[in-house]
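Read the structure below first, then the notes.
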Amino acid sequence: MSSYHLNYLEQLETESIHIFREVAAQFEKPALLFSGGKDSITMVHLAKKAFAPGKIPFPLVHIDTGHNFPEALEFRDWLVNQVNAILIVRKVEDTIKQRSLTEPKGKFPSRNWLQTYTLLDTIEEFKFDCCIGGARRDEEKARAKERIFSVRDEFGQWNPKLQRPELWNIYNGRIHKGENVRVFPISNWTELDIWNYIRKEKIDLPSIYFAHERKVIEHEGQLVAMSEYVQPAENDVVLTKKVRYRTVGDMTCTAAVESEASTLDEVIDEIIATRISERGETRIDDKVTEAAMEDRKKGGYF
Amino acid sequence: MDLLRFITAGSVDDGKSTLIGRLLYDSKNILIDQLEALEKSTKNRDDGSVDLALLTDGLRAEREQGITIDVAYRYFTTPKRKFIIADAPGHVQYTRNMITGASNANLIIILIDARLGVVEQTRRHSIIASLLKIPHVVVAINKMDLVEYSQDIFNNIVIDYTEVAKQLGLSDVTYIPISALDGDNIVDKSGHINWFKGKPLLEFLEDLKIENDINLTDARFQVQFVIRPQTDDLHDYRGYAGKVISGVYKKGDKVKVLPQDFETTISTLETGGKEVEEVFAPQSVVIHLSNDIDISRGDSIVKADNLPQVNNELEVLLCWMDDKPLMPGNKYLLQHNSRLVRAVVKNVEFKLDVNSLQRQPVEGNVKLNEVVKATIKTASPLVYDGYEKISENGSAILIDETSNSTVAAVLIKS
């Protein structure tokens, strides 16, 4: 066998870098949507590699729900400084005020839906023609059918019946004024690929991905962190548990998992051993309807 | 551990969704909550068993209509390999989707219903496999449980298909008798089919040699993006970023920049910001040249002793993918990897019947899902190879400038 051979992580990496470079070449004003989670941190790492030794030629955009983990925000600022990138933050809070939107109620009020408004406003404000997102096709049924270059109309809507054929490694990012393209460079990665790549490349992560003690409420089998956004009801039991996060979203709609894993190796071992999917285990908002993601995407969500 | 991309061709009736569900399920790539969701949607079935086909039905619109709209990608991993499945609908009107799914595949699984044998759809999928030069073909003869695991029936289908494969020039074909519903010969060897001495499907997919699918002989590279930081410390840095399409490049190689036709040498090679001595397909790299020449996106850098073709008139096969028909004389944009040129379809010679491979006269305009032989003229020359030689340097798309849609897949003849 020849030595000119890439393993699967190297193949995924080369494909993602190719996609990042197509974005930089094809669009006038692209932006990378940065959530602070491991997938977007991995994307920043890939983008850095794609344009080294130059800077990443687009800003990082954080649509801030206001319900973030403080550790994730701290890490975001550290990373932006580290890679010398431009960071744009737009707050869902402000959109709610400006547009007098109604905040979702309930015990775990998710601003997930409202993020879409802020995102579309931000696209409009900066005239972004392309938003790079960290969605993976293995995450969810609706994602499995989405192209790497996904054209959205002026309302940000995805139309699954009108997708462009995506052939070989040729990406057609041409759009009309007002439309924009969502590009997903890590479409073909799975959760485990991301973790293995983080280990291989020694990528830093926020501390909440590793086991730590935290006060949590147990809700229908899921552990939700106590915070200023989530307060216990009268009959809730507040427990102190050793937990880590498998995904990092809002404090209100991301559940923690019990864990003793304090190193990357241990985290990966635990993930290999789990028999529950990432979204199923940690996202409270995906359980509402079976087609929740499909609906959100059609409405302009990432 | 490496990566194998394959496409499954067949209709729901052939048990395609069941086969994929079975591969995911038996290789333990389905997780508890996904199974629970599955059980929730299958609780109305009489026998209480889970319907594996439902694992692969994506959108609500599809579930409601019981059809598959588009290519879906699925992922699973075994200790030996990572797999990406392009799950493409098999109906005639979806030739477009199948081509989309097949364009990157190392392998195609063609499903045949053991009760029906080789049918029109089998031929259509095989023709697309041969047009797109998918390197490996697995013919999975399914529903063996419904023909009492008969070796004679299996053998007869093999004889029939061997004839099809011979006509189409499919060289690497493997036959496996399976029952996707019961899991026979999917992950484990079937106890019902003792007469079959080959490997079960998954083992075959894990062991297949795919290193030779990549051409490492003819070096081809196209510039995607020019990296010019223009900062104080990197003032003179000028790197040509792109993916090695095929072959190997080494520091010091004598190269030619095309279509400019300028000869120079490689001064430095980089991957991920680090200097390296050599690079190879399909790495994403940065190339530096000894001379300062005007090079931009879409230009090719090849070795001086191994040249591609440079031409502005191309003989091509066009697979039409748009609802609007091809209008002769209309101008389109042709995108060949990162090179974008204006193009016009000059002459449509004949239509290829994708069910029989027969050449037919073209009456009227070329319509959705039709495959035609044509001549394309481009406004500036293209640097390419025949699709048969280096598929990634012999393929392109046509874009309708008014709708921005991708309207055709282009396979360039050498």
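Following the order of the structure tokens, chains are lettered A, B, ..., residues in each are numbered from 1, and ligands are numbered from 1.
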Using only C-alpha atoms, which residues of chain A come within 6 Å of chain B, and what is the closest atom pair for each, with the distance in Å to one decimal? Give it as CSV, sorted by chain and residue number.
```
residue,atom,partner,partner_atom,distance
A:Asn7,CA,B:Asp2,CA,4.6
A:Tyr8,CA,B:Asp2,CA,4.4
A:Thr14,CA,B:Ser284,CA,5.1
A:Ala25,CA,B:Phe225,CA,5.9
A:Lys49,CA,B:Gly272,CA,4.4
A:Ala52,CA,B:Gly273,CA,4.8
A:Pro53,CA,B:Gly273,CA,5.7
A:Gly54,CA,B:Pro229,CA,4.8
A:Lys141,CA,B:Gly58,CA,4.9
A:Ala142,CA,B:Gly58,CA,5.9
A:Ala144,CA,B:Ala72,CA,5.2
A:Lys145,CA,B:Ala72,CA,4.5
A:Arg164,CA,B:Thr406,CA,5.9
A:Pro165,CA,B:Thr100,CA,5.8
A:Glu166,CA,B:Thr100,CA,5.8
A:Leu167,CA,B:Thr100,CA,5.2
A:Trp168,CA,B:Ser103,CA,5.1
A:Ile170,CA,B:Asn337,CA,5.2
A:Arg174,CA,B:Asn404,CA,5.7
A:Arg275,CA,B:Leu31,CA,4.9
A:Ile276,CA,B:Leu31,CA,5.0
A:Ser277,CA,B:Leu31,CA,5.9
```
With N, CA, C and O atoms retained, export the selected residues as a PDB file, in the first residue's frame.
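Generated output (part_5.pdb):
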```
ATOM      1  N   ASN A   7      -6.276   9.032   6.250  1.00  0.00           N
ATOM      2  CA  ASN A   7      -7.272   8.338   7.055  1.00  0.00           C
ATOM      3  C   ASN A   7      -8.583   9.141   7.048  1.00  0.00           C
ATOM      4  O   ASN A   7      -8.641  10.223   6.475  1.00  0.00           O
ATOM      5  N   TYR A   8      -9.610   8.613   7.702  1.00  0.00           N
ATOM      6  CA  TYR A   8     -10.927   9.227   7.538  1.00  0.00           C
ATOM      7  C   TYR A   8     -10.981  10.647   8.098  1.00  0.00           C
ATOM      8  O   TYR A   8     -11.672  11.509   7.548  1.00  0.00           O
ATOM      9  N   THR A  14      -9.789  17.581   4.782  1.00  0.00           N
ATOM     10  CA  THR A  14      -9.461  18.149   3.478  1.00  0.00           C
ATOM     11  C   THR A  14     -10.734  18.613   2.762  1.00  0.00           C
ATOM     12  O   THR A  14     -10.761  19.651   2.112  1.00  0.00           O
ATOM     13  N   ALA A  25     -13.874  32.360  -1.692  1.00  0.00           N
ATOM     14  CA  ALA A  25     -13.697  32.787  -3.075  1.00  0.00           C
ATOM     15  C   ALA A  25     -15.012  33.193  -3.732  1.00  0.00           C
ATOM     16  O   ALA A  25     -15.044  34.072  -4.581  1.00  0.00           O
ATOM     17  N   LYS A  49      -6.847  26.675   9.523  1.00  0.00           N
ATOM     18  CA  LYS A  49      -5.970  25.857   8.685  1.00  0.00           C
ATOM     19  C   LYS A  49      -6.161  26.169   7.203  1.00  0.00           C
ATOM     20  O   LYS A  49      -5.215  26.124   6.423  1.00  0.00           O
ATOM     21  N   ALA A  52      -4.298  29.637   6.578  1.00  0.00           N
ATOM     22  CA  ALA A  52      -2.983  29.889   7.186  1.00  0.00           C
ATOM     23  C   ALA A  52      -1.968  30.189   6.088  1.00  0.00           C
ATOM     24  O   ALA A  52      -2.042  29.595   5.013  1.00  0.00           O
ATOM     25  N   PRO A  53      -1.040  31.088   6.333  1.00  0.00           N
ATOM     26  CA  PRO A  53      -0.801  31.843   7.562  1.00  0.00           C
ATOM     27  C   PRO A  53      -1.628  33.125   7.648  1.00  0.00           C
ATOM     28  O   PRO A  53      -1.436  33.904   8.570  1.00  0.00           O
ATOM     29  N   GLY A  54      -2.529  33.316   6.694  1.00  0.00           N
ATOM     30  CA  GLY A  54      -3.388  34.500   6.737  1.00  0.00           C
ATOM     31  C   GLY A  54      -4.435  34.369   7.832  1.00  0.00           C
ATOM     32  O   GLY A  54      -4.587  33.327   8.465  1.00  0.00           O
ATOM     33  N   LYS A 141     -32.947  14.054  11.255  1.00  0.00           N
ATOM     34  CA  LYS A 141     -33.487  13.617   9.963  1.00  0.00           C
ATOM     35  C   LYS A 141     -33.523  14.694   8.886  1.00  0.00           C
ATOM     36  O   LYS A 141     -33.207  14.454   7.732  1.00  0.00           O
ATOM     37  N   ALA A 142     -33.953  15.902   9.264  1.00  0.00           N
ATOM     38  CA  ALA A 142     -34.094  16.947   8.252  1.00  0.00           C
ATOM     39  C   ALA A 142     -32.720  17.389   7.744  1.00  0.00           C
ATOM     40  O   ALA A 142     -32.564  17.731   6.579  1.00  0.00           O
ATOM     41  N   ALA A 144     -30.208  15.512   7.303  1.00  0.00           N
ATOM     42  CA  ALA A 144     -29.628  14.470   6.451  1.00  0.00           C
ATOM     43  C   ALA A 144     -29.839  14.741   4.976  1.00  0.00           C
ATOM     44  O   ALA A 144     -29.151  14.204   4.123  1.00  0.00           O
ATOM     45  N   LYS A 145     -30.818  15.592   4.674  1.00  0.00           N
ATOM     46  CA  LYS A 145     -31.158  15.842   3.270  1.00  0.00           C
ATOM     47  C   LYS A 145     -30.659  17.186   2.787  1.00  0.00           C
ATOM     48  O   LYS A 145     -30.947  17.578   1.668  1.00  0.00           O
ATOM     49  N   ARG A 164     -30.546  22.522  -5.143  1.00  0.00           N
ATOM     50  CA  ARG A 164     -29.710  22.337  -6.327  1.00  0.00           C
ATOM     51  C   ARG A 164     -28.983  21.009  -6.234  1.00  0.00           C
ATOM     52  O   ARG A 164     -28.500  20.651  -5.167  1.00  0.00           O
ATOM     53  N   PRO A 165     -28.873  20.323  -7.362  1.00  0.00           N
ATOM     54  CA  PRO A 165     -28.051  19.109  -7.324  1.00  0.00           C
ATOM     55  C   PRO A 165     -26.614  19.505  -6.945  1.00  0.00           C
ATOM     56  O   PRO A 165     -26.139  20.551  -7.383  1.00  0.00           O
ATOM     57  N   GLU A 166     -25.963  18.717  -6.119  1.00  0.00           N
ATOM     58  CA  GLU A 166     -24.593  19.033  -5.716  1.00  0.00           C
ATOM     59  C   GLU A 166     -23.693  17.912  -6.206  1.00  0.00           C
ATOM     60  O   GLU A 166     -23.724  16.805  -5.673  1.00  0.00           O
ATOM     61  N   LEU A 167     -22.947  18.191  -7.259  1.00  0.00           N
ATOM     62  CA  LEU A 167     -22.219  17.136  -7.961  1.00  0.00           C
ATOM     63  C   LEU A 167     -20.724  17.212  -7.731  1.00  0.00           C
ATOM     64  O   LEU A 167     -20.158  18.293  -7.681  1.00  0.00           O
ATOM     65  N   TRP A 168     -20.107  16.020  -7.656  1.00  0.00           N
ATOM     66  CA  TRP A 168     -18.659  15.926  -7.410  1.00  0.00           C
ATOM     67  C   TRP A 168     -18.286  16.854  -6.256  1.00  0.00           C
ATOM     68  O   TRP A 168     -18.981  16.862  -5.258  1.00  0.00           O
ATOM     69  N   ILE A 170     -18.131  20.187  -6.745  1.00  0.00           N
ATOM     70  CA  ILE A 170     -18.390  21.484  -7.366  1.00  0.00           C
ATOM     71  C   ILE A 170     -19.551  22.148  -6.632  1.00  0.00           C
ATOM     72  O   ILE A 170     -20.630  21.568  -6.513  1.00  0.00           O
ATOM     73  N   ARG A 174     -24.097  30.677  -6.460  1.00  0.00           N
ATOM     74  CA  ARG A 174     -24.642  31.889  -7.076  1.00  0.00           C
ATOM     75  C   ARG A 174     -26.061  32.161  -6.570  1.00  0.00           C
ATOM     76  O   ARG A 174     -26.886  31.252  -6.503  1.00  0.00           O
ATOM     77  N   ARG A 275     -25.610   4.901  24.395  1.00  0.00           N
ATOM     78  CA  ARG A 275     -26.499   4.390  23.354  1.00  0.00           C
ATOM     79  C   ARG A 275     -27.615   5.394  23.081  1.00  0.00           C
ATOM     80  O   ARG A 275     -28.688   5.037  22.636  1.00  0.00           O
ATOM     81  N   ILE A 276     -27.376   6.657  23.387  1.00  0.00           N
ATOM     82  CA  ILE A 276     -28.395   7.685  23.138  1.00  0.00           C
ATOM     83  C   ILE A 276     -27.775   8.747  22.241  1.00  0.00           C
ATOM     84  O   ILE A 276     -26.603   9.074  22.391  1.00  0.00           O
ATOM     85  N   SER A 277     -28.533   9.285  21.315  1.00  0.00           N
ATOM     86  CA  SER A 277     -27.974  10.266  20.400  1.00  0.00           C
ATOM     87  C   SER A 277     -27.768  11.592  21.108  1.00  0.00           C
ATOM     88  O   SER A 277     -28.366  11.879  22.136  1.00  0.00           O
TER      89      SER A 277
END
```
Contacts of Val238 of chain A at 8 Å or less, counting only C-alpha atoms, minus same-chain residues fewer than 4 places along, as a list in words? Lys215, Val216, Ile217, Glu218 and Pro232 of chain A
Mind checking which residues fall within 12 Å of Ser190 of chain B, counting only C-alpha atoms, ignoring those fewer than 4 positions away in the same chain, and posting them as an MDAnalysis selection string? chainID B and resid 144:145 149 176:180 182:186 194:201
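Among B:Lys413, B:Val255, B:Ser267, B:Arg123, the residue with the shortest atom-to-atom distance to Asp160 of chain B, counting only C-alpha atoms, is B:Arg123.
Going from atom CA of Gln26 of chain A to atom CA of Ile203 of chain A covers 28.2 Å.
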Just the strand (DSSP E or B) stuff from segment 50-197 of chain B, please, per backbone DSSP, written as a PDB file with N, CA, C and O atoms, in the first residue's frame.
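Now in result-v1.pdb:
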```
ATOM      1  N   ALA B  72     -30.517  11.429   0.713  1.00  0.00           N
ATOM      2  CA  ALA B  72     -30.243  11.612   2.134  1.00  0.00           C
ATOM      3  C   ALA B  72     -28.898  10.964   2.424  1.00  0.00           C
ATOM      4  O   ALA B  72     -28.557   9.950   1.816  1.00  0.00           O
ATOM      5  N   TYR B  73     -28.148  11.565   3.314  1.00  0.00           N
ATOM      6  CA  TYR B  73     -26.853  10.998   3.657  1.00  0.00           C
ATOM      7  C   TYR B  73     -26.922  10.360   5.029  1.00  0.00           C
ATOM      8  O   TYR B  73     -27.498  10.910   5.955  1.00  0.00           O
ATOM      9  N   ARG B  74     -26.366   9.163   5.129  1.00  0.00           N
ATOM     10  CA  ARG B  74     -26.355   8.420   6.401  1.00  0.00           C
ATOM     11  C   ARG B  74     -24.923   8.049   6.723  1.00  0.00           C
ATOM     12  O   ARG B  74     -24.115   7.871   5.813  1.00  0.00           O
ATOM     13  N   TYR B  75     -24.673   7.902   8.003  1.00  0.00           N
ATOM     14  CA  TYR B  75     -23.308   7.647   8.446  1.00  0.00           C
ATOM     15  C   TYR B  75     -23.271   6.462   9.370  1.00  0.00           C
ATOM     16  O   TYR B  75     -24.125   6.325  10.224  1.00  0.00           O
ATOM     17  N   PHE B  76     -22.320   5.591   9.168  1.00  0.00           N
ATOM     18  CA  PHE B  76     -22.064   4.604  10.210  1.00  0.00           C
ATOM     19  C   PHE B  76     -20.605   4.211  10.196  1.00  0.00           C
ATOM     20  O   PHE B  76     -19.892   4.415   9.217  1.00  0.00           O
ATOM     21  N   THR B  77     -20.192   3.696  11.335  1.00  0.00           N
ATOM     22  CA  THR B  77     -18.789   3.383  11.513  1.00  0.00           C
ATOM     23  C   THR B  77     -18.674   1.992  12.092  1.00  0.00           C
ATOM     24  O   THR B  77     -19.480   1.592  12.928  1.00  0.00           O
ATOM     25  N   ARG B  81     -13.876   0.835   9.347  1.00  0.00           N
ATOM     26  CA  ARG B  81     -14.087   1.874   8.363  1.00  0.00           C
ATOM     27  C   ARG B  81     -15.219   2.816   8.759  1.00  0.00           C
ATOM     28  O   ARG B  81     -16.137   2.417   9.471  1.00  0.00           O
ATOM     29  N   LYS B  82     -15.110   4.068   8.234  1.00  0.00           N
ATOM     30  CA  LYS B  82     -16.262   4.970   8.317  1.00  0.00           C
ATOM     31  C   LYS B  82     -16.981   4.898   6.977  1.00  0.00           C
ATOM     32  O   LYS B  82     -16.336   4.871   5.917  1.00  0.00           O
ATOM     33  N   PHE B  83     -18.301   4.865   7.022  1.00  0.00           N
ATOM     34  CA  PHE B  83     -19.083   4.778   5.799  1.00  0.00           C
ATOM     35  C   PHE B  83     -20.012   5.978   5.654  1.00  0.00           C
ATOM     36  O   PHE B  83     -20.609   6.429   6.627  1.00  0.00           O
ATOM     37  N   ILE B  84     -20.103   6.488   4.423  1.00  0.00           N
ATOM     38  CA  ILE B  84     -21.112   7.498   4.116  1.00  0.00           C
ATOM     39  C   ILE B  84     -22.017   6.896   3.045  1.00  0.00           C
ATOM     40  O   ILE B  84     -21.549   6.518   1.970  1.00  0.00           O
ATOM     41  N   ILE B  85     -23.291   6.810   3.360  1.00  0.00           N
ATOM     42  CA  ILE B  85     -24.249   6.283   2.386  1.00  0.00           C
ATOM     43  C   ILE B  85     -24.995   7.447   1.759  1.00  0.00           C
ATOM     44  O   ILE B  85     -25.533   8.290   2.461  1.00  0.00           O
ATOM     45  N   ALA B  86     -25.016   7.493   0.436  1.00  0.00           N
ATOM     46  CA  ALA B  86     -25.913   8.413  -0.246  1.00  0.00           C
ATOM     47  C   ALA B  86     -27.137   7.583  -0.611  1.00  0.00           C
ATOM     48  O   ALA B  86     -27.060   6.656  -1.407  1.00  0.00           O
ATOM     49  N   ASP B  87     -28.236   7.913   0.018  1.00  0.00           N
ATOM     50  CA  ASP B  87     -29.452   7.129  -0.149  1.00  0.00           C
ATOM     51  C   ASP B  87     -30.322   7.861  -1.170  1.00  0.00           C
ATOM     52  O   ASP B  87     -30.938   8.868  -0.867  1.00  0.00           O
ATOM     53  N   LEU B 107     -18.550   3.248  -4.537  1.00  0.00           N
ATOM     54  CA  LEU B 107     -19.224   1.968  -4.754  1.00  0.00           C
ATOM     55  C   LEU B 107     -20.722   2.181  -4.863  1.00  0.00           C
ATOM     56  O   LEU B 107     -21.265   3.121  -4.273  1.00  0.00           O
ATOM     57  N   ILE B 108     -21.360   1.326  -5.636  1.00  0.00           N
ATOM     58  CA  ILE B 108     -22.825   1.366  -5.705  1.00  0.00           C
ATOM     59  C   ILE B 108     -23.378  -0.007  -5.341  1.00  0.00           C
ATOM     60  O   ILE B 108     -22.827  -1.031  -5.755  1.00  0.00           O
ATOM     61  N   ILE B 109     -24.423   0.002  -4.525  1.00  0.00           N
ATOM     62  CA  ILE B 109     -25.138  -1.237  -4.258  1.00  0.00           C
ATOM     63  C   ILE B 109     -26.405  -1.208  -5.105  1.00  0.00           C
ATOM     64  O   ILE B 109     -27.250  -0.321  -4.941  1.00  0.00           O
ATOM     65  N   ILE B 110     -26.505  -2.135  -6.040  1.00  0.00           N
ATOM     66  CA  ILE B 110     -27.708  -2.230  -6.860  1.00  0.00           C
ATOM     67  C   ILE B 110     -28.551  -3.368  -6.304  1.00  0.00           C
ATOM     68  O   ILE B 110     -28.089  -4.501  -6.189  1.00  0.00           O
ATOM     69  N   LEU B 111     -29.775  -3.023  -5.931  1.00  0.00           N
ATOM     70  CA  LEU B 111     -30.643  -4.021  -5.320  1.00  0.00           C
ATOM     71  C   LEU B 111     -31.520  -4.674  -6.374  1.00  0.00           C
ATOM     72  O   LEU B 111     -32.123  -3.993  -7.203  1.00  0.00           O
ATOM     73  N   ILE B 112     -31.579  -5.975  -6.315  1.00  0.00           N
ATOM     74  CA  ILE B 112     -32.476  -6.700  -7.225  1.00  0.00           C
ATOM     75  C   ILE B 112     -33.407  -7.550  -6.369  1.00  0.00           C
ATOM     76  O   ILE B 112     -32.970  -8.231  -5.441  1.00  0.00           O
ATOM     77  N   ASP B 113     -34.684  -7.485  -6.666  1.00  0.00           N
ATOM     78  CA  ASP B 113     -35.670  -8.331  -6.001  1.00  0.00           C
ATOM     79  C   ASP B 113     -35.550  -9.737  -6.599  1.00  0.00           C
ATOM     80  O   ASP B 113     -35.741  -9.924  -7.809  1.00  0.00           O
ATOM     81  N   HIS B 136     -16.672   0.456  -8.059  1.00  0.00           N
ATOM     82  CA  HIS B 136     -17.058  -0.884  -7.589  1.00  0.00           C
ATOM     83  C   HIS B 136     -18.578  -1.032  -7.567  1.00  0.00           C
ATOM     84  O   HIS B 136     -19.285  -0.116  -7.172  1.00  0.00           O
ATOM     85  N   VAL B 137     -19.039  -2.213  -7.970  1.00  0.00           N
ATOM     86  CA  VAL B 137     -20.477  -2.484  -7.993  1.00  0.00           C
ATOM     87  C   VAL B 137     -20.782  -3.719  -7.146  1.00  0.00           C
ATOM     88  O   VAL B 137     -20.110  -4.744  -7.283  1.00  0.00           O
ATOM     89  N   VAL B 138     -21.774  -3.598  -6.263  1.00  0.00           N
ATOM     90  CA  VAL B 138     -22.283  -4.771  -5.551  1.00  0.00           C
ATOM     91  C   VAL B 138     -23.714  -4.986  -6.015  1.00  0.00           C
ATOM     92  O   VAL B 138     -24.532  -4.066  -5.956  1.00  0.00           O
ATOM     93  N   VAL B 139     -23.988  -6.165  -6.519  1.00  0.00           N
ATOM     94  CA  VAL B 139     -25.362  -6.504  -6.844  1.00  0.00           C
ATOM     95  C   VAL B 139     -25.897  -7.324  -5.675  1.00  0.00           C
ATOM     96  O   VAL B 139     -25.450  -8.442  -5.430  1.00  0.00           O
ATOM     97  N   ALA B 140     -26.818  -6.704  -4.916  1.00  0.00           N
ATOM     98  CA  ALA B 140     -27.389  -7.389  -3.752  1.00  0.00           C
ATOM     99  C   ALA B 140     -28.722  -7.980  -4.173  1.00  0.00           C
ATOM    100  O   ALA B 140     -29.660  -7.245  -4.489  1.00  0.00           O
ATOM    101  N   ILE B 141     -28.769  -9.275  -4.221  1.00  0.00           N
ATOM    102  CA  ILE B 141     -30.008  -9.939  -4.637  1.00  0.00           C
ATOM    103  C   ILE B 141     -30.828 -10.204  -3.381  1.00  0.00           C
ATOM    104  O   ILE B 141     -30.497 -11.047  -2.551  1.00  0.00           O
ATOM    105  N   ASN B 142     -31.887  -9.393  -3.250  1.00  0.00           N
ATOM    106  CA  ASN B 142     -32.624  -9.302  -1.989  1.00  0.00           C
ATOM    107  C   ASN B 142     -33.889 -10.165  -2.020  1.00  0.00           C
ATOM    108  O   ASN B 142     -34.316 -10.621  -3.075  1.00  0.00           O
ATOM    109  N   VAL B 173     -17.647  -6.329 -10.337  1.00  0.00           N
ATOM    110  CA  VAL B 173     -19.007  -6.590  -9.861  1.00  0.00           C
ATOM    111  C   VAL B 173     -18.991  -7.769  -8.891  1.00  0.00           C
ATOM    112  O   VAL B 173     -18.394  -8.803  -9.169  1.00  0.00           O
ATOM    113  N   THR B 174     -19.649  -7.600  -7.744  1.00  0.00           N
ATOM    114  CA  THR B 174     -19.728  -8.661  -6.745  1.00  0.00           C
ATOM    115  C   THR B 174     -21.201  -8.958  -6.464  1.00  0.00           C
ATOM    116  O   THR B 174     -21.999  -8.032  -6.353  1.00  0.00           O
ATOM    117  N   TYR B 175     -21.548 -10.232  -6.389  1.00  0.00           N
ATOM    118  CA  TYR B 175     -22.951 -10.629  -6.168  1.00  0.00           C
ATOM    119  C   TYR B 175     -23.111 -11.198  -4.758  1.00  0.00           C
ATOM    120  O   TYR B 175     -22.324 -12.051  -4.344  1.00  0.00           O
ATOM    121  N   ILE B 176     -24.119 -10.725  -4.051  1.00  0.00           N
ATOM    122  CA  ILE B 176     -24.370 -11.244  -2.702  1.00  0.00           C
ATOM    123  C   ILE B 176     -25.875 -11.501  -2.531  1.00  0.00           C
ATOM    124  O   ILE B 176     -26.685 -10.596  -2.732  1.00  0.00           O
ATOM    125  N   PRO B 177     -26.246 -12.746  -2.187  1.00  0.00           N
ATOM    126  CA  PRO B 177     -27.670 -13.027  -1.910  1.00  0.00           C
ATOM    127  C   PRO B 177     -28.004 -12.605  -0.482  1.00  0.00           C
ATOM    128  O   PRO B 177     -27.295 -12.973   0.443  1.00  0.00           O
ATOM    129  N   SER B 179     -31.200 -11.216   2.573  1.00  0.00           N
ATOM    130  CA  SER B 179     -32.560 -10.846   2.938  1.00  0.00           C
ATOM    131  C   SER B 179     -32.442  -9.702   3.935  1.00  0.00           C
ATOM    132  O   SER B 179     -32.050  -9.910   5.081  1.00  0.00           O
ATOM    133  N   ASP B 184     -30.242 -11.646   6.649  1.00  0.00           N
ATOM    134  CA  ASP B 184     -29.376 -12.685   6.086  1.00  0.00           C
ATOM    135  C   ASP B 184     -28.268 -12.081   5.234  1.00  0.00           C
ATOM    136  O   ASP B 184     -28.526 -11.318   4.300  1.00  0.00           O
ATOM    137  N   ASP B 188     -23.977 -10.748   9.388  1.00  0.00           N
ATOM    138  CA  ASP B 188     -23.526 -12.117   9.647  1.00  0.00           C
ATOM    139  C   ASP B 188     -23.850 -13.017   8.467  1.00  0.00           C
ATOM    140  O   ASP B 188     -24.799 -12.770   7.729  1.00  0.00           O
TER     141      ASP B 188
END
```
Of the listed residues B:Asn330, B:Gln260, B:Gln360, B:Ser27, that which approaches Ile301 of chain B most closely, counting only C-alpha atoms: B:Gln260
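Of the residues listed (B:Ala304, B:Val348, B:Ile20, B:Ile412), B:Ile412 shows the shortest atom-to-atom separation from Gly394 of chain B; distances use only C-alpha atoms.
For the pair atom CA of Thr18 of chain B and atom CA of Glu140 of chain A, the separation is 18.8 Å.
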Just the number, please: distance in Å from atom CA of Ala47 of chain A to atom CA of Gly133 of chain A, one decimal. 12.1 Å
